[in-house]
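Shown here: work-v3.cif, mmCIF, C-alpha atoms; chains and numbers go by the auth columns.
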```cif
data_input
loop_
_atom_site.group_PDB
_atom_site.id
_atom_site.type_symbol
_atom_site.label_atom_id
_atom_site.label_comp_id
_atom_site.label_asym_id
_atom_site.label_seq_id
_atom_site.Cartn_x
_atom_site.Cartn_y
_atom_site.Cartn_z
_atom_site.B_iso_or_equiv
_atom_site.auth_seq_id
_atom_site.auth_asym_id
ATOM 1 C CA MET A 1 165.188 55.110 302.125 0.00 210 A
ATOM 2 C CA ALA A 2 167.055 57.867 300.319 0.00 211 A
ATOM 3 C CA ARG A 3 168.794 57.032 297.099 0.00 212 A
ATOM 4 C CA LYS A 4 172.275 58.233 296.279 0.00 213 A
ATOM 5 C CA GLN A 5 172.504 60.453 293.219 0.00 214 A
ATOM 6 C CA ASP A 6 174.613 57.957 291.268 0.00 215 A
ATOM 7 C CA GLU A 7 172.343 54.936 291.956 0.00 216 A
ATOM 8 C CA MET A 8 170.134 53.903 289.055 0.00 217 A
ATOM 9 C CA SER A 9 166.455 53.171 289.536 0.00 218 A
ATOM 10 C CA LEU A 10 164.986 49.941 288.167 0.00 219 A
ATOM 11 C CA ASP A 11 163.431 51.967 285.311 0.00 220 A
ATOM 12 C CA ASP A 12 166.846 53.462 284.498 0.00 221 A
ATOM 13 C CA GLU A 13 168.450 50.022 284.518 0.00 222 A
ATOM 14 C CA LEU A 14 165.781 48.581 282.215 0.00 223 A
ATOM 15 C CA THR A 15 166.098 51.503 279.833 0.00 224 A
ATOM 16 C CA ALA A 16 169.884 51.208 279.781 0.00 225 A
ATOM 17 C CA ALA A 17 169.657 47.477 279.072 0.00 226 A
ATOM 18 C CA PHE A 18 167.848 48.188 275.783 0.00 227 A
ATOM 19 C CA LEU A 19 169.894 51.186 274.664 0.00 228 A
ATOM 20 C CA SER A 20 173.463 51.478 273.515 0.00 229 A
ATOM 21 C CA GLU A 21 175.869 53.577 275.623 0.00 230 A
ATOM 22 C CA GLU A 22 175.469 56.472 273.204 0.00 231 A
ATOM 23 C CA GLU A 23 171.640 56.272 273.226 0.00 232 A
ATOM 24 C CA SER A 24 171.380 55.889 276.992 0.00 233 A
ATOM 25 C CA THR A 25 173.361 59.071 277.676 0.00 234 A
ATOM 26 C CA ALA A 26 171.699 61.086 274.895 0.00 235 A
ATOM 27 C CA GLY A 27 169.308 63.657 276.270 0.00 236 A
ATOM 28 C CA LEU A 28 171.163 63.992 279.598 0.00 237 A
ATOM 29 C CA SER A 29 173.098 67.105 280.526 0.00 238 A
ATOM 30 C CA ASP A 30 176.339 66.994 282.515 0.00 239 A
ATOM 31 C CA GLU A 31 174.214 67.353 285.653 0.00 240 A
ATOM 32 C CA GLY A 32 172.032 64.385 284.668 0.00 241 A
ATOM 33 C CA LEU A 33 169.030 66.561 283.788 0.00 242 A
ATOM 34 C CA VAL A 34 166.836 65.471 280.900 0.00 243 A
ATOM 35 C CA GLU A 35 167.258 67.712 277.888 0.00 244 A
ATOM 36 C CA SER A 36 165.222 68.156 274.740 0.00 245 A
ATOM 37 C CA ALA A 37 166.492 67.555 271.225 0.00 246 A
ATOM 38 C CA ASP A 38 167.750 71.156 271.105 0.00 247 A
ATOM 39 C CA ASN A 39 169.661 70.626 274.416 0.00 248 A
ATOM 40 C CA THR A 40 167.316 72.864 276.401 0.00 249 A
ATOM 41 C CA PRO A 41 166.723 71.466 279.910 0.00 250 A
ATOM 42 C CA VAL A 42 163.144 70.267 280.324 0.00 251 A
ATOM 43 C CA GLU A 43 162.690 72.591 283.325 0.00 252 A
ATOM 44 C CA GLU A 44 162.977 75.574 280.976 0.00 253 A
ATOM 45 C CA TYR A 45 160.098 74.205 278.881 0.00 254 A
ATOM 46 C CA ALA A 46 158.065 73.719 282.027 0.00 255 A
ATOM 47 C CA GLU A 47 158.677 77.344 282.983 0.00 256 A
ATOM 48 C CA THR A 48 157.321 78.556 279.642 0.00 257 A
ATOM 49 C CA ALA A 49 154.126 76.494 279.963 0.00 258 A
ATOM 50 C CA THR A 50 151.936 78.723 282.087 0.00 259 A
ATOM 51 C CA GLU A 51 148.267 78.705 282.881 0.00 260 A
ATOM 52 C CA ASP A 52 147.897 81.584 280.427 0.00 261 A
ATOM 53 C CA ASN A 53 149.141 79.725 277.332 0.00 262 A
ATOM 54 C CA TRP A 54 148.583 75.992 277.902 0.00 263 A
ATOM 55 C CA GLU A 55 145.500 75.864 275.719 0.00 264 A
ATOM 56 C CA ASP A 56 146.710 78.153 272.918 0.00 265 A
ATOM 57 C CA GLU A 57 147.802 75.191 270.793 0.00 266 A
ATOM 58 C CA THR A 58 144.415 73.451 270.948 0.00 267 A
ATOM 59 C CA GLU A 59 142.249 76.551 270.717 0.00 268 A
ATOM 60 C CA ASN A 60 141.596 76.173 266.974 0.00 269 A
ATOM 61 C CA LEU A 61 140.912 72.434 266.979 0.00 270 A
ATOM 62 C CA PRO A 62 137.263 71.342 266.824 0.00 271 A
ATOM 63 C CA GLY A 63 135.988 69.111 269.624 0.00 272 A
ATOM 64 C CA GLN A 64 135.036 65.471 269.136 0.00 273 A
ATOM 65 C CA LEU A 65 131.481 64.245 269.386 0.00 274 A
ATOM 66 C CA ALA A 66 130.968 60.916 271.177 0.00 275 A
ATOM 67 C CA VAL A 67 128.758 58.480 269.272 0.00 276 A
ATOM 68 C CA ASP A 68 127.235 55.010 269.560 0.00 277 A
ATOM 69 C CA VAL A 69 126.903 53.007 266.328 0.00 278 A
ATOM 70 C CA TYR A 70 124.918 49.763 266.196 0.00 279 A
ATOM 71 C CA GLU A 71 122.777 47.619 263.906 0.00 280 A
ATOM 72 C CA THR A 72 119.353 46.074 264.098 0.00 281 A
ATOM 73 C CA ALA A 73 118.052 43.521 261.599 0.00 282 A
ATOM 74 C CA ASP A 74 117.281 46.159 258.964 0.00 283 A
ATOM 75 C CA LYS A 75 118.761 49.457 260.228 0.00 284 A
ATOM 76 C CA LEU A 76 122.046 51.102 261.148 0.00 285 A
ATOM 77 C CA ILE A 77 121.594 53.433 264.114 0.00 286 A
ATOM 78 C CA ILE A 78 123.912 56.235 265.227 0.00 287 A
ATOM 79 C CA LYS A 79 123.273 58.078 268.471 0.00 288 A
ATOM 80 C CA ALA A 80 125.146 61.163 269.636 0.00 289 A
ATOM 81 C CA ARG A 81 124.789 63.023 272.911 0.00 290 A
ATOM 82 C CA THR A 82 124.030 66.586 271.837 0.00 291 A
ATOM 83 C CA ALA A 83 122.598 68.174 274.986 0.00 292 A
ATOM 84 C CA GLY A 84 122.493 71.935 274.752 0.00 293 A
ATOM 85 C CA ILE A 85 122.791 72.057 270.967 0.00 294 A
ATOM 86 C CA GLU A 86 119.977 73.636 269.007 0.00 295 A
ATOM 87 C CA ARG A 87 118.763 72.116 265.723 0.00 296 A
ATOM 88 C CA LYS A 88 119.894 75.202 263.809 0.00 297 A
ATOM 89 C CA ASP A 89 123.452 74.683 265.113 0.00 298 A
ATOM 90 C CA LEU A 90 123.695 71.080 263.828 0.00 299 A
ATOM 91 C CA ASP A 91 124.756 69.950 260.383 0.00 300 A
ATOM 92 C CA VAL A 92 124.443 66.288 259.351 0.00 301 A
ATOM 93 C CA SER A 93 125.545 65.064 255.921 0.00 302 A
ATOM 94 C CA ILE A 94 126.375 61.802 254.165 0.00 303 A
ATOM 95 C CA SER A 95 128.398 61.114 251.047 0.00 304 A
ATOM 96 C CA ASP A 96 129.830 57.799 249.813 0.00 305 A
ATOM 97 C CA ASN A 97 128.882 56.018 253.072 0.00 306 A
ATOM 98 C CA ILE A 98 130.726 58.634 255.172 0.00 307 A
ATOM 99 C CA LEU A 99 128.628 60.452 257.770 0.00 308 A
ATOM 100 C CA THR A 100 129.645 63.869 259.102 0.00 309 A
ATOM 101 C CA ILE A 101 128.022 65.503 262.112 0.00 310 A
ATOM 102 C CA SER A 102 129.184 69.011 262.947 0.00 311 A
ATOM 103 C CA GLY A 103 127.929 72.031 264.783 0.00 312 A
ATOM 104 C CA VAL A 104 128.475 74.619 267.467 0.00 313 A
ATOM 105 C CA LEU A 105 127.861 74.265 271.182 0.00 314 A
ATOM 106 C CA SER A 106 127.401 77.720 272.634 0.00 315 A
ATOM 107 C CA GLY A 107 126.555 78.898 276.104 0.00 316 A
ATOM 108 C CA GLY A 108 129.755 78.237 278.021 0.00 317 A
ATOM 109 C CA GLU A 109 131.115 81.720 277.664 0.00 318 A
ATOM 110 C CA ASP A 110 130.682 83.966 280.659 0.00 319 A
ATOM 111 C CA ASP A 111 132.099 87.449 280.281 0.00 320 A
ATOM 112 C CA LYS A 112 131.574 88.145 283.990 0.00 321 A
ATOM 113 C CA ALA A 113 133.842 85.275 285.120 0.00 322 A
ATOM 114 C CA THR A 114 137.024 86.629 286.690 0.00 323 A
ATOM 115 C CA GLN A 115 138.639 83.290 287.450 0.00 324 A
ATOM 116 C CA TRP A 116 137.792 79.743 286.353 0.00 325 A
ATOM 117 C CA HIS A 117 138.357 76.959 288.901 0.00 326 A
ATOM 118 C CA ILE A 118 137.236 74.015 286.743 0.00 327 A
ATOM 119 C CA GLN A 119 136.267 74.092 283.079 0.00 328 A
ATOM 120 C CA GLU A 120 135.635 70.591 281.751 0.00 329 A
ATOM 121 C CA CYS A 121 132.750 71.241 279.381 0.00 330 A
ATOM 122 C CA TYR A 122 133.608 71.765 275.742 0.00 331 A
ATOM 123 C CA TRP A 123 132.143 74.887 274.168 0.00 332 A
ATOM 124 C CA GLY A 124 132.567 75.774 270.527 0.00 333 A
ATOM 125 C CA GLU A 125 132.765 73.980 267.205 0.00 334 A
ATOM 126 C CA PHE A 126 132.732 70.207 267.012 0.00 335 A
ATOM 127 C CA SER A 127 132.867 67.704 264.196 0.00 336 A
ATOM 128 C CA ARG A 128 132.755 63.936 263.816 0.00 337 A
ATOM 129 C CA THR A 129 133.218 61.947 260.630 0.00 338 A
ATOM 130 C CA ILE A 130 132.323 58.262 260.621 0.00 339 A
ATOM 131 C CA ALA A 131 132.885 55.682 257.892 0.00 340 A
ATOM 132 C CA LEU A 132 129.713 53.624 258.156 0.00 341 A
ATOM 133 C CA PRO A 133 130.415 49.929 258.799 0.00 342 A
ATOM 134 C CA VAL A 134 127.729 48.667 256.404 0.00 343 A
ATOM 135 C CA GLN A 135 126.263 49.927 253.138 0.00 344 A
ATOM 136 C CA VAL A 136 123.168 52.055 253.713 0.00 345 A
ATOM 137 C CA VAL A 137 120.463 53.555 251.546 0.00 346 A
ATOM 138 C CA GLU A 138 121.483 57.206 251.691 0.00 347 A
ATOM 139 C CA ASP A 139 117.975 58.354 250.774 0.00 348 A
ATOM 140 C CA GLY A 140 116.405 56.199 253.478 0.00 349 A
ATOM 141 C CA VAL A 141 117.558 58.172 256.508 0.00 350 A
ATOM 142 C CA GLU A 142 115.770 59.666 259.486 0.00 351 A
ATOM 143 C CA ALA A 143 117.355 62.092 261.970 0.00 352 A
ATOM 144 C CA VAL A 144 115.628 62.977 265.237 0.00 353 A
ATOM 145 C CA LEU A 145 116.842 65.329 267.980 0.00 354 A
ATOM 146 C CA LYS A 146 115.043 64.575 271.235 0.00 355 A
ATOM 147 C CA ASP A 147 116.012 65.089 274.881 0.00 356 A
ATOM 148 C CA GLY A 148 119.594 66.007 273.969 0.00 357 A
ATOM 149 C CA VAL A 149 120.205 62.896 271.861 0.00 358 A
ATOM 150 C CA LEU A 150 120.592 62.966 268.076 0.00 359 A
ATOM 151 C CA THR A 151 119.459 59.637 266.607 0.00 360 A
ATOM 152 C CA ILE A 152 120.174 58.916 262.953 0.00 361 A
ATOM 153 C CA SER A 153 118.603 55.777 261.451 0.00 362 A
ATOM 154 C CA PHE A 154 119.640 54.400 258.075 0.00 363 A
ATOM 155 C CA GLU A 155 118.006 51.607 256.123 0.00 364 A
ATOM 156 C CA LYS A 156 120.660 48.990 255.431 0.00 365 A
ATOM 157 C CA GLU A 157 121.230 48.179 251.792 0.00 366 A
ATOM 158 C CA LYS A 158 120.105 44.670 250.911 0.00 367 A
ATOM 159 C CA VAL A 159 123.179 42.597 250.158 0.00 368 A
ATOM 160 C CA GLU A 160 122.722 39.325 248.370 0.00 369 A
ATOM 161 C CA GLU A 161 124.362 36.259 249.802 0.00 370 A
ATOM 162 C CA PRO A 162 127.536 35.365 247.923 0.00 371 A
ATOM 163 C CA LYS A 163 127.011 32.681 245.318 0.00 372 A
ATOM 164 C CA ARG A 164 129.060 29.555 245.754 0.00 373 A
ATOM 165 C CA ILE A 165 131.137 28.633 242.708 0.00 374 A
ATOM 166 C CA THR A 166 131.862 24.988 242.123 0.00 375 A
ATOM 167 C CA ILE A 167 135.419 24.222 241.158 0.00 376 A
ATOM 168 C CA ASN A 168 135.768 21.480 238.496 0.00 377 A
#
```

Whole structure given in structure tokens:
Amino acid sequence: MARKQDEMSLDDELTAAFLSEEESTAGLSDEGLVESADNTPVEEYAETATEDNWEDETENLPGQLAVDVYETADKLIIKARTAGIERKDLDVSISDNILTISGVLSGGEDDKATQWHIQECYWGEFSRTIALPVQVVEDGVEAVLKDGVLTISFEKEKVEEPKRITIN
């Protein structure tokens, strides 16, 4: 069923119910097109976003590294999937119970490619900083890179049970 141009959708009606008259018409041109804060129709922004420049804004941002963090009785374990990363390209550091894992994942560049159809793999610099959930012995750490998984094991710091204070 076709909708007339002046009929409001349910979403429009709900939005209008929560906005004042001035707010509900803000951002609409005389033709009813959505406009940006500078009164440029959204279609013009869409025209400027091309396949050539869509990733320019994120090109300088480092990628995120997915991690698992869990405890055993006496250890804190952090595992990160690092397939394709060489040991020399990894940097792991800890300071004040904050762990940083960074590095470079290379190998995704192909100078012979003339057109990409799908590019989902992240290639380049990555970094991950994690505030550790428990106190650890920073000197009691072991890092192992095996089968594409970086496993970092910390000895947990012994924490005494809180002492109960009797109130008189």

For each of A:Val276, A:Gly349, A:Leu285, A:Glu366, take the minimum atom-to-atom distance to A:Arg337, counting only C-alpha atoms, then give the residue where this is smallest.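 Smallest separation from A:Arg337 among the options: A:Val276.
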
Given the file shown, determine the residues that the PyMOL selection byres ((chain A and resi 312) around 12) selects; report them as a list in words.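 Applying the PyMOL selection byres ((chain A and resi 312) around 12) to the structure shown produces Pro271, Gly272, Gln273, Leu274, Thr291, Gly293, Ile294, Glu295, Arg296, Lys297, Asp298, Leu299, Asp300, Val301, Ser302, Thr309, Ile310, Ser311, Val313, Leu314, Ser315, Trp332, Gly333, Glu334, Phe335, Ser336 and Arg337 of chain A.
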
Any chance you could resolve the PyMOL selection byres ((chain A and resi 355) around 12) against this file and give the residues as a list in words?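 Applied to this file, the PyMOL selection byres ((chain A and resi 355) around 12) returns Lys288, Ala289, Arg290, Thr291, Ala292, Gly293, Ile294, Glu295, Arg296, Ala352, Val353, Leu354, Asp356, Gly357, Val358, Leu359, Thr360 and Ile361 of chain A.
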
Export, as a PDB file, in the coordinates of the input, the selected residues with C-alpha atoms.
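selection21.pdb, written as the output of this step:
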```pdb
ATOM      1  CA  LYS A 288     123.273  58.078 268.471  1.00  0.00           C
ATOM      2  CA  ALA A 289     125.146  61.163 269.636  1.00  0.00           C
ATOM      3  CA  ARG A 290     124.789  63.023 272.911  1.00  0.00           C
ATOM      4  CA  THR A 291     124.030  66.586 271.837  1.00  0.00           C
ATOM      5  CA  ALA A 292     122.598  68.174 274.986  1.00  0.00           C
ATOM      6  CA  GLY A 293     122.493  71.935 274.752  1.00  0.00           C
ATOM      7  CA  ILE A 294     122.791  72.057 270.967  1.00  0.00           C
ATOM      8  CA  GLU A 295     119.977  73.636 269.007  1.00  0.00           C
ATOM      9  CA  ARG A 296     118.763  72.116 265.723  1.00  0.00           C
ATOM     10  CA  ALA A 352     117.355  62.092 261.970  1.00  0.00           C
ATOM     11  CA  VAL A 353     115.628  62.977 265.237  1.00  0.00           C
ATOM     12  CA  LEU A 354     116.842  65.329 267.980  1.00  0.00           C
ATOM     13  CA  ASP A 356     116.012  65.089 274.881  1.00  0.00           C
ATOM     14  CA  GLY A 357     119.594  66.007 273.969  1.00  0.00           C
ATOM     15  CA  VAL A 358     120.205  62.896 271.861  1.00  0.00           C
ATOM     16  CA  LEU A 359     120.592  62.966 268.076  1.00  0.00           C
ATOM     17  CA  THR A 360     119.459  59.637 266.607  1.00  0.00           C
ATOM     18  CA  ILE A 361     120.174  58.916 262.953  1.00  0.00           C
TER      19      ILE A 361
END
```

To test your reading of the syntax: which residues would the PyMOL selection byres ((chain A and resi 365) around 8) return for the file shown? Reply as a PyMOL selection string. chain A and resi 283-285+343-346+363-364+366-367

Could you check how far atom CA of A:Thr338 sits from atom CA of A:Leu308, in Å to one decimal?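 Separation of atom CA of A:Thr338 and atom CA of A:Leu308: 5.6 Å.
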
Atom pair atom CA of A:Glu280 / atom CA of A:Ser304: separation (Å): 19.5 Å

Between atom CA of A:Val278 and atom CA of A:Leu341 - distance in Å to one decimal: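 Pair atom CA of A:Leu341 / atom CA of A:Val278 returns 8.7 Å.
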